[in-house]
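So the structure is just underneath, and the comments pick up after that.
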Amino acid sequence: GEWRRALDLLAEMQRQGLSPNCNSFNSAISACGRAGELDTALELLSTGMRAAGVEPDVVSWSAAIAACQRRGEWRRALELLDGMRRQGVAPNERTFGAAISACAKGGAPPERALELLAEMRSSGLRVTQVAVSAAISACGAAGDWKAALFLLDEIRRSGARPDLISWNAALAALDKGRQPRRAVAILDEMAAAGVQPDAVSYNTALLACQRAGEWDSVLELFERVRRAGGKGAPNAFSFNAALAACAATSRAAEAVALLGEMREAGAPPTLRSYAAVISACEAAGEWERALDILREAERAGVAPQLTPAVALQAGLVSLNALESRLLRALGRRT
């Protein structure tokens, strides 16, 4: 890989009596970071550079912190940030951005990300959208949707336009914070700001509504997804959210139609899809239709995958128990 070639190059330089400079080490640290070789990256920073008599600069430290970020090692990232300060190296925008991203990816308390953002401002650095988006993600992971929306507004107050990553991070915060209506409102704000929601945007809002049991909102939002097209077009996740809403509201005919639409859209129905349609049919008392869907799932090779967890979600005990139940119900009706 690239990181091994970078290490080989450093070793070859030393064998030939050449002294690697700071740029050589920085390239190697970055290559190790991109490959997920965090320990090697940190060893280069702490041991390799010292042995070669090279002082790490802001790029060196930032590359090492970025390596921590890729692994979600937020504690090590913050230790490095403290270490570079002790060495008299001032963090720059990239350094802070990587450290805040490490906090977001590693699930650090959102206060840590917000503290870094405040420190970035107090240092007179330009607060980048990457840093703010990462802070929004950190707030989202903790369900602190109020802080996430405040940061989103801060981007707009600065005269900048939040990008898709920032909007989606705010949506994730609203989902985690159980704020389905605000999540739907964010989609409207995105459209008003000229940012086209993508599949992640729509699916996050759908999930927020689904978690809250707001089934009419799920179906209304799915209609919107249908009209969106492009990157926001329905996928397996959005279809399954709509099917779950049909199951919860006993909309058998709509569930069966959605199953067909799902196939036509090139999204093969999953086990969860079939389970939701069967559940919708059962709830509506349409036993024969439920049995037909079960047979279809068997032909598609999906039904044998019925696990206790998924079966329980659809009110099913097992494949055999479901079939027997449907046949008994059908027999009683006839």
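Residue numbering restarts at 1 for every chain of the structure tokens, chains are lettered A, B, ... in their displayed order, and ligands are numbered from 1 as they appear.
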So that I can see what lies close to segment 68-77 of chain A, please list as a PyMOL selection string the residues with an atom at most 10 Å from it, counting only C-alpha atoms and leaving out residues fewer than 6 positions away in the same chain. chain A and resi 33-39+41-42+61-62+83+95-108+112-113
What lies within 7 Å of segment 293-304 of chain A using only C-alpha atoms, ignoring chain neighbours under 5 positions off, as a list in words?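 Neighbouring residues, sequence-local ones excluded: Leu271, Tyr274 and Ile278 of chain A.
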With C-alpha atoms retained, could you export that selection as a CSV table (one decimal), in the first residue's frame?
```
chain,number,residue,atom,x,y,z
A,271,LEU,CA,-37.0,-9.6,4.4
A,274,TYR,CA,-42.1,-8.8,2.9
A,278,ILE,CA,-47.7,-9.6,5.4
```
Pick out the residues sitting within 10 Å of segment 205-213 of chain A, and hand them over as a VMD selection string; count only C-alpha atoms, and ignore anything fewer than 3 positions along from it in its own chain. chain A and resid 168 171 to 187 199 to 202 216 to 222 225 237 to 238 241 to 242 244 to 245 248
Deliver the residues from the most recent selection as a file, using N, CA and C atoms, as a short mmCIF file (atom, residue, chain, number, x, y, z; two decimals), in the first residue's frame.
```cif
data_model
loop_
_atom_site.label_atom_id
_atom_site.label_comp_id
_atom_site.auth_asym_id
_atom_site.auth_seq_id
_atom_site.Cartn_x
_atom_site.Cartn_y
_atom_site.Cartn_z
N ASN A 168 -27.37 17.50 6.78
CA ASN A 168 -27.61 16.10 7.16
C ASN A 168 -27.18 15.82 8.60
N LEU A 171 -29.98 17.01 10.69
CA LEU A 171 -31.09 16.06 10.62
C LEU A 171 -30.83 14.85 11.52
N ALA A 172 -29.58 14.38 11.53
CA ALA A 172 -29.24 13.24 12.39
C ALA A 172 -29.44 13.61 13.86
N ALA A 173 -29.13 14.85 14.22
CA ALA A 173 -29.33 15.30 15.59
C ALA A 173 -30.81 15.31 15.95
N LEU A 174 -31.64 15.74 15.01
CA LEU A 174 -33.08 15.79 15.25
C LEU A 174 -33.66 14.38 15.35
N ASP A 175 -33.15 13.47 14.55
CA ASP A 175 -33.59 12.08 14.65
C ASP A 175 -33.24 11.51 16.02
N LYS A 176 -31.98 11.68 16.41
CA LYS A 176 -31.53 11.15 17.71
C LYS A 176 -32.28 11.82 18.86
N GLY A 177 -32.64 13.09 18.68
CA GLY A 177 -33.34 13.82 19.73
C GLY A 177 -34.85 13.68 19.68
N ARG A 178 -35.34 12.78 18.80
CA ARG A 178 -36.79 12.51 18.68
C ARG A 178 -37.57 13.79 18.36
N GLN A 179 -37.16 14.44 17.27
CA GLN A 179 -37.82 15.68 16.83
C GLN A 179 -38.25 15.53 15.36
N PRO A 180 -39.25 14.67 15.11
CA PRO A 180 -39.62 14.39 13.71
C PRO A 180 -40.14 15.60 12.96
N ARG A 181 -40.95 16.43 13.60
CA ARG A 181 -41.53 17.57 12.88
C ARG A 181 -40.47 18.59 12.51
N ARG A 182 -39.53 18.78 13.41
CA ARG A 182 -38.43 19.70 13.09
C ARG A 182 -37.58 19.13 11.95
N ALA A 183 -37.44 17.81 11.93
CA ALA A 183 -36.66 17.19 10.85
C ALA A 183 -37.32 17.45 9.50
N VAL A 184 -38.63 17.31 9.44
CA VAL A 184 -39.35 17.59 8.19
C VAL A 184 -39.21 19.07 7.83
N ALA A 185 -39.26 19.93 8.85
CA ALA A 185 -39.11 21.38 8.60
C ALA A 185 -37.73 21.70 8.03
N ILE A 186 -36.71 20.97 8.49
CA ILE A 186 -35.35 21.18 7.97
C ILE A 186 -35.29 20.88 6.48
N LEU A 187 -36.03 19.86 6.03
CA LEU A 187 -36.07 19.56 4.60
C LEU A 187 -36.61 20.75 3.82
N ALA A 199 -30.62 11.17 -0.53
CA ALA A 199 -31.25 10.01 0.10
C ALA A 199 -31.00 9.99 1.60
N VAL A 200 -29.80 10.41 2.03
CA VAL A 200 -29.51 10.45 3.47
C VAL A 200 -30.44 11.44 4.18
N SER A 201 -30.66 12.59 3.58
CA SER A 201 -31.54 13.61 4.17
C SER A 201 -32.94 13.04 4.37
N TYR A 202 -33.50 12.51 3.28
CA TYR A 202 -34.87 12.01 3.35
C TYR A 202 -34.98 10.81 4.29
N ASP A 216 -48.60 8.77 9.41
CA ASP A 216 -49.09 9.62 8.32
C ASP A 216 -47.97 10.51 7.78
N SER A 217 -47.12 10.99 8.70
CA SER A 217 -46.00 11.82 8.28
C SER A 217 -45.02 11.01 7.43
N VAL A 218 -44.81 9.74 7.80
CA VAL A 218 -43.93 8.87 7.02
C VAL A 218 -44.45 8.76 5.59
N LEU A 219 -45.76 8.51 5.45
CA LEU A 219 -46.32 8.32 4.12
C LEU A 219 -46.32 9.62 3.32
N GLU A 220 -46.60 10.73 3.99
CA GLU A 220 -46.56 12.03 3.30
C GLU A 220 -45.13 12.34 2.83
N LEU A 221 -44.17 12.04 3.68
CA LEU A 221 -42.78 12.30 3.33
C LEU A 221 -42.33 11.37 2.21
N PHE A 222 -42.82 10.13 2.23
CA PHE A 222 -42.45 9.21 1.16
C PHE A 222 -42.97 9.71 -0.19
N VAL A 225 -40.49 12.05 -1.37
CA VAL A 225 -39.31 11.35 -1.86
C VAL A 225 -39.55 10.85 -3.29
N PHE A 237 -34.34 1.64 1.85
CA PHE A 237 -34.65 2.15 3.19
C PHE A 237 -35.95 2.93 3.19
N SER A 238 -36.11 3.85 2.21
CA SER A 238 -37.32 4.67 2.20
C SER A 238 -38.56 3.83 1.90
N ALA A 241 -39.52 2.07 5.07
CA ALA A 241 -40.17 2.98 6.03
C ALA A 241 -41.64 3.15 5.68
N ALA A 242 -41.92 3.33 4.37
CA ALA A 242 -43.32 3.48 3.94
C ALA A 242 -44.09 2.19 4.18
N ALA A 244 -43.50 -0.03 6.51
CA ALA A 244 -43.74 -0.13 7.95
C ALA A 244 -44.94 0.73 8.35
N ALA A 245 -45.07 1.89 7.71
CA ALA A 245 -46.21 2.77 8.00
C ALA A 245 -47.51 2.12 7.54
N ALA A 248 -48.41 -0.52 10.05
CA ALA A 248 -48.92 0.05 11.31
C ALA A 248 -50.33 0.60 11.17
#
```
Interatomic distance between atom CA of Ala280 of chain A and atom CA of Ser250 of chain A? 4.8 Å
Grab the atom CA of Glu286 of chain A to atom CA of Asn203 of chain A distance for me, in Å with one decimal place. 29.4 Å
How many Å separate atom CA of Ala6 of chain A from atom CA of Ser27 of chain A?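 Between atom CA of Ala6 of chain A and atom CA of Ser27 of chain A the gap is 7.3 Å.
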